[in-house]
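Here the structure comes first, spelled out in structure tokens, and everything after it is commentary.
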Amino acid sequence: MKKNIIIAAAVLFSASVQAQKQWTLQQCLDYAMENNITLKKARLQQQQATEDVKGAKSALLPSLSASTNHSLGYRPWQDNGTTTVTNGQVNSKISKSYYNGSYGLNAQWTVWNGNRNRNQLKLTQLQEDAQELALQESANNIQEKIAQLYVQILYLTEAVKVSEQSLETSKKNEERGQEMVEVGKMSKADLAQLSAQRASDEYNIVEAQSNIRNYKLQLKQLLELTDNEAFDIATPIATDAMALSAIPSLTTVYEQALTVRPEIEAGKLAVKENDINLKIAQAGKLPTINLTGGLGTNTNSLSNNGWGTQLKTNFDASAGLSLSLPLFDQRQTKTAVNKAKLQREQALLDLQDQQKQLYQTLESYWLDAETNQQKLRAAIATEESEQQSFDLLQEQFRLGLKNIVELMTGKDKLLQAQQNRLQSKYQTLLAQQMLKFYQGEGIH
């Protein structure tokens with residue numbers, strides 16, 4: 001009985017520890033890379049592209065097939081038969097039914113078809129590379145979304161702590177106001193305003209906590225976590241000094257991103273694919289040379305020879321070379337060539353569009369980093385000033401030198417300054433991290 005109690009306690013303790021697990025950003029990223037359904041689908045498409053490459057390689061080899069055919073026949077009005085002499089006796093046999101059998105081995109090899117088969121292999125290899133890039137792009141999008149959610153949760157978590165401190169101050173002011181009402185130094189109307197501010201702080205905390213739960217839910221969905229266990233994230237060190245670190249130039253970030261981002265590489269591959277598609281289309285004007293060969297034999301039940309003898313005497317071998325030259329194909333080749341040229345132009349425009357979108361994205365992150373870094377510097381100074389001002393207001397309010405409106409106004413300014421500093425800090429950190437990520441560095 002004692003042993004069972006110990007085991008049960010150990011199980012409960014283990015479950016409690018697991019429920020209290022705090023996910024780091026790296027753990028979230030690693031888990032999503034393994035379990036996200038979108039990425040799993042992308043990996044399947046990549047595997048299909050790999051199979052296409054193997055098929056294209058095999059298409060360069062000769063084909064070999066074996067065949068056999070067996071049939072029964074019936075001739076109801078057959079008059080002539082087979083005559084045999086056995087021991088001086090003549091016997092005649094009319095076979096109205098018979099059996100045929102044939103056996104063959106055939107090979108074919110496309111010696112040359114305008115390099116269509118070799119260009120098709122190159123095309124499938126590029127498509128395999130394109131699927132790999134598509135997988136990387138999907139992974140990047142998911143990592144970027146996880147980082148955004150993670151930072152948003154960190155910001156709101158710290159903002160809740162600030163709001164809780166503000167709530168404690170509101171409660172103390174409300175208690176002080178109650179004491180002043182009891183001694184006749186404050187009206188009940190002013191006390192009601194203090195109570196309303198305390199209630200407003202409580203509401204802000206509840207709303208922020210609700211937003212945190214919503215962001216955590218979105219993060220769990222990206223991780224494909226469907227259980228009901230408690231989910232929380234670890235809180236890394238995020239200082240103002242980290243947010244105030246140097247920001248690289250936009251030109252440097254963009255030039256580096258052009259060399260590492262998978263969507264840009266995919267655009268370049270698309271141009272190459274259309275170059276090969278053009279060659280494949282142009283091959284429609286060229287001749288095709290095929291080499292064929294075969295081995296075959298057959299048997300028939302009406303023959304006087306035995307089965308083995310028939311296989312030998314009826315054996316034949318053949319080899320051939322065929323040449324096919326297109327003369328008029330109802331403009332199919334010319335149409336295919338023109339469409340391939342147009343698709344190549346489309347691919348070039350798509351690549352330019354991808355480069356423009358990349359620049360716009362980086363410019364947005366760069367401006368966020370620059371702007372919020374400047375806001376952070378101003379917010380730090382403002383918070384220090386508002387904190388000193390509010391401390392003085394509290395002391396003056398306690399002495400009856402300041403009224404309730406001035407106290408509440410000072411508190412609101414302090415809270416706003418604190419929230420502005422937090423928001424600027426985390427938005428700067430996120431933008432800085434995204435700039436590094438687009439340059440090819442990992443998210444951390």
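All residue names refer to the structure tokens as shown: chains lettered A, B, ... in order, residues numbered from 1 in each chain, ligands numbered from 1 in order.
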For the structure I just gave you, how does DSSP split region 169-381 of chain A - specifically, which residues are helix (DSSP H, G or I)? Reply as JSON, numbers by chain. {"A": [169, 170, 171, 172, 173, 174, 175, 176, 177, 178, 179, 180, 181, 182, 188, 189, 190, 191, 192, 193, 194, 195, 196, 197, 198, 199, 200, 201, 202, 203, 204, 205, 206, 207, 208, 209, 210, 211, 212, 213, 214, 215, 216, 217, 218, 219, 220, 221, 222, 223, 240, 241, 242, 243, 250, 251, 252, 253, 254, 255, 256, 257, 258, 259, 260, 262, 263, 264, 265, 266, 267, 268, 269, 270, 271, 272, 273, 274, 275, 276, 277, 278, 279, 280, 281, 282, 283, 284, 285, 307, 308, 309, 310, 311, 312, 313, 332, 333, 334, 335, 336, 337, 338, 339, 340, 341, 342, 343, 344, 345, 346, 347, 348, 349, 350, 351, 352, 353, 354, 355, 356, 357, 358, 359, 360, 361, 362, 363, 364, 365, 366, 367, 368, 369, 370, 371, 372, 373, 374, 375, 376, 377, 378, 379, 380, 381]}
From a DSSP calculation on the backbone, collect every residue of region 68-272 of chain A in strand (DSSP E or B) and output the set as a ChimeraX atom specification. /A:68-74,82-86,89-93,97-112,232-233
Output N, CA, C and O atoms of each residue in that selection to a file, as a tab-separated table (two decimals), in the first residue's frame.
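What ended up in part_35.tsv:
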```tsv
chain	number	residue	atom	x	y	z
A	68	THR	N	4.17	-12.74	-73.53
A	68	THR	CA	3.76	-14.08	-73.98
A	68	THR	C	2.27	-14.05	-74.24
A	68	THR	O	1.51	-13.33	-73.55
A	69	ASN	N	1.86	-14.81	-75.24
A	69	ASN	CA	0.45	-14.84	-75.62
A	69	ASN	C	0.03	-16.29	-75.85
A	69	ASN	O	0.74	-17.05	-76.52
A	70	HIS	N	-1.11	-16.67	-75.32
A	70	HIS	CA	-1.61	-18.04	-75.47
A	70	HIS	C	-3.08	-17.98	-75.87
A	70	HIS	O	-3.86	-17.20	-75.32
A	71	SER	N	-3.42	-18.82	-76.86
A	71	SER	CA	-4.80	-18.80	-77.35
A	71	SER	C	-5.23	-20.20	-77.77
A	71	SER	O	-4.42	-21.05	-78.16
A	72	LEU	N	-6.52	-20.42	-77.68
A	72	LEU	CA	-7.15	-21.66	-78.15
A	72	LEU	C	-8.01	-21.33	-79.37
A	72	LEU	O	-8.72	-20.32	-79.39
A	73	GLY	N	-7.94	-22.19	-80.39
A	73	GLY	CA	-8.75	-21.99	-81.59
A	73	GLY	C	-9.63	-23.21	-81.89
A	73	GLY	O	-9.37	-24.33	-81.43
A	74	TYR	N	-10.66	-22.97	-82.69
A	74	TYR	CA	-11.59	-24.06	-83.04
A	74	TYR	C	-12.03	-23.89	-84.49
A	74	TYR	O	-12.48	-22.81	-84.88
A	82	THR	N	-4.37	-35.01	-89.93
A	82	THR	CA	-3.00	-35.53	-89.91
A	82	THR	C	-3.05	-37.06	-90.06
A	82	THR	O	-3.81	-37.73	-89.35
A	83	THR	N	-2.23	-37.60	-90.96
A	83	THR	CA	-2.19	-39.05	-91.20
A	83	THR	C	-0.87	-39.61	-90.69
A	83	THR	O	0.20	-39.09	-91.02
A	84	THR	N	-0.95	-40.67	-89.89
A	84	THR	CA	0.25	-41.32	-89.34
A	84	THR	C	0.16	-42.82	-89.57
A	84	THR	O	-0.93	-43.40	-89.70
A	85	VAL	N	1.31	-43.48	-89.66
A	85	VAL	CA	1.38	-44.94	-89.85
A	85	VAL	C	2.04	-45.53	-88.61
A	85	VAL	O	3.16	-45.19	-88.27
A	86	THR	N	1.31	-46.43	-87.97
A	86	THR	CA	1.81	-47.09	-86.76
A	86	THR	C	1.65	-48.60	-86.90
A	86	THR	O	0.51	-49.09	-87.05
A	89	GLN	N	-0.29	-49.76	-89.78
A	89	GLN	CA	-1.69	-49.32	-89.82
A	89	GLN	C	-1.75	-47.82	-90.01
A	89	GLN	O	-1.04	-47.07	-89.34
A	90	VAL	N	-2.57	-47.40	-90.98
A	90	VAL	CA	-2.71	-45.97	-91.29
A	90	VAL	C	-3.83	-45.39	-90.41
A	90	VAL	O	-4.95	-45.91	-90.39
A	91	ASN	N	-3.47	-44.28	-89.68
A	91	ASN	CA	-4.45	-43.61	-88.83
A	91	ASN	C	-4.58	-42.15	-89.27
A	91	ASN	O	-3.59	-41.47	-89.54
A	92	SER	N	-5.78	-41.71	-89.38
A	92	SER	CA	-6.06	-40.32	-89.74
A	92	SER	C	-6.71	-39.61	-88.55
A	92	SER	O	-7.63	-40.18	-87.92
A	93	LYS	N	-6.24	-38.35	-88.31
A	93	LYS	CA	-6.76	-37.56	-87.17
A	93	LYS	C	-7.06	-36.15	-87.63
A	93	LYS	O	-6.25	-35.51	-88.26
A	97	SER	N	-9.71	-28.38	-82.89
A	97	SER	CA	-9.25	-27.39	-81.90
A	97	SER	C	-7.73	-27.40	-81.87
A	97	SER	O	-7.09	-28.42	-82.12
A	98	TYR	N	-7.18	-26.27	-81.59
A	98	TYR	CA	-5.72	-26.15	-81.55
A	98	TYR	C	-5.32	-25.08	-80.54
A	98	TYR	O	-6.14	-24.29	-80.07
A	99	TYR	N	-4.03	-25.06	-80.28
A	99	TYR	CA	-3.48	-24.16	-79.25
A	99	TYR	C	-2.27	-23.45	-79.83
A	99	TYR	O	-1.41	-24.07	-80.46
A	100	ASN	N	-2.19	-22.11	-79.62
A	100	ASN	CA	-1.05	-21.30	-80.06
A	100	ASN	C	-0.36	-20.68	-78.85
A	100	ASN	O	-1.03	-20.25	-77.88
A	101	GLY	N	0.92	-20.58	-78.90
A	101	GLY	CA	1.68	-19.91	-77.85
A	101	GLY	C	2.81	-19.11	-78.46
A	101	GLY	O	3.48	-19.57	-79.38
A	102	SER	N	3.02	-17.87	-77.97
A	102	SER	CA	4.12	-17.04	-78.46
A	102	SER	C	4.84	-16.43	-77.27
A	102	SER	O	4.24	-16.15	-76.22
A	103	TYR	N	6.16	-16.18	-77.47
A	103	TYR	CA	7.02	-15.69	-76.40
A	103	TYR	C	7.96	-14.64	-77.01
A	103	TYR	O	8.54	-14.88	-78.07
A	104	GLY	N	8.08	-13.51	-76.33
A	104	GLY	CA	8.91	-12.46	-76.90
A	104	GLY	C	9.64	-11.64	-75.84
A	104	GLY	O	9.21	-11.54	-74.69
A	105	LEU	N	10.75	-11.05	-76.25
A	105	LEU	CA	11.53	-10.15	-75.41
A	105	LEU	C	11.89	-8.95	-76.28
A	105	LEU	O	12.54	-9.10	-77.31
A	106	ASN	N	11.43	-7.73	-75.88
A	106	ASN	CA	11.59	-6.55	-76.72
A	106	ASN	C	12.30	-5.43	-75.96
A	106	ASN	O	12.08	-5.24	-74.75
A	107	ALA	N	13.13	-4.70	-76.66
A	107	ALA	CA	13.87	-3.58	-76.07
A	107	ALA	C	13.75	-2.37	-76.98
A	107	ALA	O	13.66	-2.50	-78.20
A	108	GLN	N	13.75	-1.20	-76.36
A	108	GLN	CA	13.70	0.05	-77.13
A	108	GLN	C	14.51	1.10	-76.40
A	108	GLN	O	14.49	1.20	-75.17
A	109	TRP	N	15.22	1.90	-77.16
A	109	TRP	CA	16.06	2.96	-76.57
A	109	TRP	C	15.99	4.19	-77.46
A	109	TRP	O	16.24	4.10	-78.67
A	110	THR	N	15.62	5.30	-76.83
A	110	THR	CA	15.61	6.57	-77.56
A	110	THR	C	17.03	7.11	-77.61
A	110	THR	O	17.57	7.59	-76.60
A	111	VAL	N	17.64	7.02	-78.78
A	111	VAL	CA	19.02	7.46	-78.93
A	111	VAL	C	19.10	8.98	-78.87
A	111	VAL	O	19.98	9.55	-78.21
A	112	TRP	N	18.17	9.65	-79.51
A	112	TRP	CA	18.20	11.12	-79.53
A	112	TRP	C	16.81	11.63	-79.88
A	112	TRP	O	16.16	11.14	-80.81
A	232	ASP	N	3.10	27.64	-21.14
A	232	ASP	CA	3.72	28.91	-20.77
A	232	ASP	C	5.08	29.00	-21.45
A	232	ASP	O	5.64	28.00	-21.89
A	233	ILE	N	5.60	30.21	-21.54
A	233	ILE	CA	6.89	30.41	-22.18
A	233	ILE	C	7.89	30.93	-21.17
A	233	ILE	O	7.51	31.56	-20.17
```
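By chain and then residue number, the residues within 10 Å of Gln136 (chain A) are Leu39, Ala42, Arg43, Ala130, Gln131, Glu132, Leu133, Ala134, Ser138, Ala139, Asn140, Asn141, Ile142, Arg261, Pro262 and Glu263 of chain A, counting only C-alpha atoms and disregarding those fewer than 2 positions away in sequence.
All residues of protein, DNA or RNA that reach within 7 Å of region 153-158 of chain A, judged by only C-alpha atoms and not counting those fewer than 5 positions away in the chain, are Ala208, Ile212, Tyr215, Thr235, Leu422, Gln423 and Tyr426 of chain A.
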Cut-off 7 Å: closest region 109-191 of chain A/region 270-277 of chain A atom pairs per residue, using only C-alpha atoms, as JSON lines:
```
{"residue": "A:Asn119", "atom": "CA", "partner": "A:Ile276", "partner_atom": "CA", "distance": 6.3}
{"residue": "A:Leu123", "atom": "CA", "partner": "A:Glu273", "partner_atom": "CA", "distance": 6.0}
{"residue": "A:Leu126", "atom": "CA", "partner": "A:Glu273", "partner_atom": "CA", "distance": 6.7}
```
Write out, as a compact mmCIF listing (two decimals), in the first residue's frame, the residues just selected, with N, CA, C and O atoms.
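After the write, result_8.txt holds the following:
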```txt
# COMPACT_ATOMS: atom_id res chain seq x y z
N ASN A 119 16.94 17.31 -71.10
CA ASN A 119 16.44 18.58 -70.57
C ASN A 119 15.31 18.35 -69.57
O ASN A 119 15.17 19.13 -68.61
N LEU A 123 15.16 19.70 -65.80
CA LEU A 123 13.98 20.41 -65.30
C LEU A 123 13.49 19.81 -63.98
O LEU A 123 13.18 20.56 -63.04
N LEU A 126 15.74 20.86 -61.17
CA LEU A 126 15.46 22.23 -60.73
C LEU A 126 14.17 22.28 -59.90
O LEU A 126 14.08 23.03 -58.92
```
Looking at only C-alpha atoms, which of A:Ala238, A:Met33, A:Leu250, A:Ala159 is the one that sits closest to Val206 (chain A)? A:Ala159
With a distance cut-off of 8 Å and only C-alpha atoms, select the neighbouring residues of Ala56 (chain A), excluding the residue or stretch itself and same-chain residues fewer than 2 positions from it, and output the selection as a PDB file with N, CA, C and O atoms, in the first residue's frame.
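Contents of result_32.pdb, freshly written:
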```
ATOM      1  N   ASP A  52      10.351  12.217 -58.945  1.00  0.00           N
ATOM      2  CA  ASP A  52      10.311  12.664 -60.352  1.00  0.00           C
ATOM      3  C   ASP A  52      11.716  12.690 -60.954  1.00  0.00           C
ATOM      4  O   ASP A  52      11.896  12.362 -62.134  1.00  0.00           O
ATOM      5  N   VAL A  53      12.704  13.087 -60.167  1.00  0.00           N
ATOM      6  CA  VAL A  53      14.093  13.098 -60.654  1.00  0.00           C
ATOM      7  C   VAL A  53      14.545  11.676 -60.968  1.00  0.00           C
ATOM      8  O   VAL A  53      15.169  11.417 -62.012  1.00  0.00           O
ATOM      9  N   LYS A  54      14.238  10.749 -60.087  1.00  0.00           N
ATOM     10  CA  LYS A  54      14.616   9.358 -60.323  1.00  0.00           C
ATOM     11  C   LYS A  54      13.949   8.820 -61.588  1.00  0.00           C
ATOM     12  O   LYS A  54      14.569   8.088 -62.374  1.00  0.00           O
ATOM     13  N   SER A  58      15.790   7.486 -65.088  1.00  0.00           N
ATOM     14  CA  SER A  58      15.508   6.165 -65.660  1.00  0.00           C
ATOM     15  C   SER A  58      15.025   6.266 -67.099  1.00  0.00           C
ATOM     16  O   SER A  58      15.214   5.330 -67.889  1.00  0.00           O
ATOM     17  N   ALA A  59      14.412   7.390 -67.469  1.00  0.00           N
ATOM     18  CA  ALA A  59      13.913   7.554 -68.835  1.00  0.00           C
ATOM     19  C   ALA A  59      15.052   7.624 -69.853  1.00  0.00           C
ATOM     20  O   ALA A  59      14.813   7.440 -71.051  1.00  0.00           O
ATOM     21  N   LEU A  60      16.272   7.870 -69.398  1.00  0.00           N
ATOM     22  CA  LEU A  60      17.419   7.893 -70.308  1.00  0.00           C
ATOM     23  C   LEU A  60      17.896   6.486 -70.665  1.00  0.00           C
ATOM     24  O   LEU A  60      18.668   6.319 -71.615  1.00  0.00           O
ATOM     25  N   ASN A 117      14.687  14.464 -73.459  1.00  0.00           N
ATOM     26  CA  ASN A 117      14.752  13.652 -72.244  1.00  0.00           C
ATOM     27  C   ASN A 117      15.810  14.170 -71.267  1.00  0.00           C
ATOM     28  O   ASN A 117      15.595  14.200 -70.056  1.00  0.00           O
ATOM     29  N   GLN A 120      14.542  17.298 -69.771  1.00  0.00           N
ATOM     30  CA  GLN A 120      13.493  16.976 -68.807  1.00  0.00           C
ATOM     31  C   GLN A 120      14.106  16.578 -67.467  1.00  0.00           C
ATOM     32  O   GLN A 120      13.573  16.922 -66.402  1.00  0.00           O
ATOM     33  N   LEU A 121      15.235  15.870 -67.518  1.00  0.00           N
ATOM     34  CA  LEU A 121      15.941  15.526 -66.281  1.00  0.00           C
ATOM     35  C   LEU A 121      16.423  16.794 -65.575  1.00  0.00           C
ATOM     36  O   LEU A 121      16.267  16.942 -64.358  1.00  0.00           O
ATOM     37  N   THR A 124      13.423  18.498 -63.903  1.00  0.00           N
ATOM     38  CA  THR A 124      12.965  17.867 -62.653  1.00  0.00           C
ATOM     39  C   THR A 124      13.950  18.116 -61.514  1.00  0.00           C
ATOM     40  O   THR A 124      13.543  18.252 -60.347  1.00  0.00           O
TER      41      THR A 124
END
```
Straight-line distance linking CA of Ser245 (chain A) with CA of Gly440 (chain A), stated in Å to one decimal: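 A separation of 19.0 Å between them.
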Env of Glu168 (chain A): 12 Å cut, atoms = only C-alpha atoms, seq-sep filter 6 positions within chain, self excluded. Answer as a ChimeraX atom specification. /A:161-162,174-175,197-199,201-202,205,411
Those residues with C-alpha atoms, as a PDB file, in the first residue's frame please?
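Output saved as part.pdb:
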```pdb
ATOM      1  CA  LYS A 161       3.477  43.404 -14.147  1.00  0.00           C
ATOM      2  CA  VAL A 162       3.578  47.170 -14.629  1.00  0.00           C
ATOM      3  CA  GLU A 174      -8.016  54.369  -2.404  1.00  0.00           C
ATOM      4  CA  GLU A 175      -7.234  53.297   1.168  1.00  0.00           C
ATOM      5  CA  GLN A 197      -9.216  54.238 -11.152  1.00  0.00           C
ATOM      6  CA  ARG A 198      -8.548  51.094  -9.119  1.00  0.00           C
ATOM      7  CA  ALA A 199     -11.299  49.273 -11.032  1.00  0.00           C
ATOM      8  CA  ASP A 201      -6.463  49.123 -13.460  1.00  0.00           C
ATOM      9  CA  GLU A 202      -8.064  45.772 -12.625  1.00  0.00           C
ATOM     10  CA  ILE A 205      -4.943  43.615 -16.193  1.00  0.00           C
ATOM     11  CA  LYS A 411      -0.516  58.393 -12.193  1.00  0.00           C
TER      12      LYS A 411
END
```
Can you build me a table of region 156-249 of chain A residues sitting at most 12 Å from region 389-396 of chain A, with the closest atom pair per residue and its distance in Å to one decimal, using only C-alpha atoms, sorted by chain and residue number, as a Markdown table?
```
| residue | atom | partner | partner_atom | distance |
| --- | --- | --- | --- | --- |
| A:Ser166 | CA | A:Phe390 | CA | 11.6 |
| A:Thr169 | CA | A:Gln394 | CA | 9.9 |
| A:Ser170 | CA | A:Gln394 | CA | 11.1 |
| A:Lys172 | CA | A:Gln394 | CA | 10.5 |
| A:Asn173 | CA | A:Gln394 | CA | 8.5 |
| A:Arg176 | CA | A:Gln394 | CA | 10.5 |
| A:Gly177 | CA | A:Gln394 | CA | 11.7 |
```
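Shell of Arg377 (chain A) at 9 Å, with only C-alpha atoms counted and residues fewer than 4 places along the chain excluded, is Asp240, Leu244, Asn372, Gln373, Ala381, Thr382, Arg421 and Ser424 of chain A.
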I need the residues from that last selection saved to file as a short mmCIF file (atom, residue, chain, number, x, y, z; two decimals), in the first residue's frame (with C-alpha atoms), if you can.
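Listing of result_14.cif after writing:
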```
data_model
loop_
_atom_site.label_atom_id
_atom_site.label_comp_id
_atom_site.auth_asym_id
_atom_site.auth_seq_id
_atom_site.Cartn_x
_atom_site.Cartn_y
_atom_site.Cartn_z
CA ASP A 240 16.94 48.40 -22.75
CA LEU A 244 19.57 50.27 -28.05
CA ASN A 372 11.08 52.53 -31.87
CA GLN A 373 14.69 52.86 -30.79
CA ALA A 381 13.75 59.81 -20.00
CA THR A 382 9.99 60.44 -19.82
CA ARG A 421 8.92 52.21 -22.81
CA SER A 424 9.17 50.56 -27.79
#
```
With region 359-365 of chain A as the partner and 12 Å as the cut-off, tabulate the residues of region 232-306 of chain A that qualify, each row holding the nearest pair of atoms and their distance in Å to one decimal, using only C-alpha atoms, sorted by chain and rising number, as JSON lines.
```
{"residue": "A:Ile247", "atom": "CA", "partner": "A:Tyr365", "partner_atom": "CA", "distance": 10.8}
{"residue": "A:Pro248", "atom": "CA", "partner": "A:Leu362", "partner_atom": "CA", "distance": 11.4}
{"residue": "A:Ser249", "atom": "CA", "partner": "A:Glu363", "partner_atom": "CA", "distance": 10.1}
{"residue": "A:Leu250", "atom": "CA", "partner": "A:Glu363", "partner_atom": "CA", "distance": 6.7}
{"residue": "A:Thr251", "atom": "CA", "partner": "A:Tyr359", "partner_atom": "CA", "distance": 9.3}
{"residue": "A:Thr252", "atom": "CA", "partner": "A:Leu362", "partner_atom": "CA", "distance": 10.7}
{"residue": "A:Val253", "atom": "CA", "partner": "A:Leu362", "partner_atom": "CA", "distance": 7.6}
{"residue": "A:Tyr254", "atom": "CA", "partner": "A:Tyr359", "partner_atom": "CA", "distance": 6.4}
{"residue": "A:Glu255", "atom": "CA", "partner": "A:Tyr359", "partner_atom": "CA", "distance": 9.5}
{"residue": "A:Gln256", "atom": "CA", "partner": "A:Leu362", "partner_atom": "CA", "distance": 11.2}
{"residue": "A:Ala257", "atom": "CA", "partner": "A:Leu362", "partner_atom": "CA", "distance": 9.0}
{"residue": "A:Leu258", "atom": "CA", "partner": "A:Tyr359", "partner_atom": "CA", "distance": 9.2}
{"residue": "A:Arg261", "atom": "CA", "partner": "A:Tyr359", "partner_atom": "CA", "distance": 11.6}
{"residue": "A:Ile264", "atom": "CA", "partner": "A:Tyr359", "partner_atom": "CA", "distance": 11.3}
```
Which is closest to Phe328 (chain A) among A:Lys356, A:Arg116, A:Arg344, A:Lys285, if we use only C-alpha atoms?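 Result for the nearest residue to Phe328 (chain A): A:Lys285.
Across the model, the gap from CA of Gln148 (chain A) to CA of Lys436 (chain A) is 14.0 Å.
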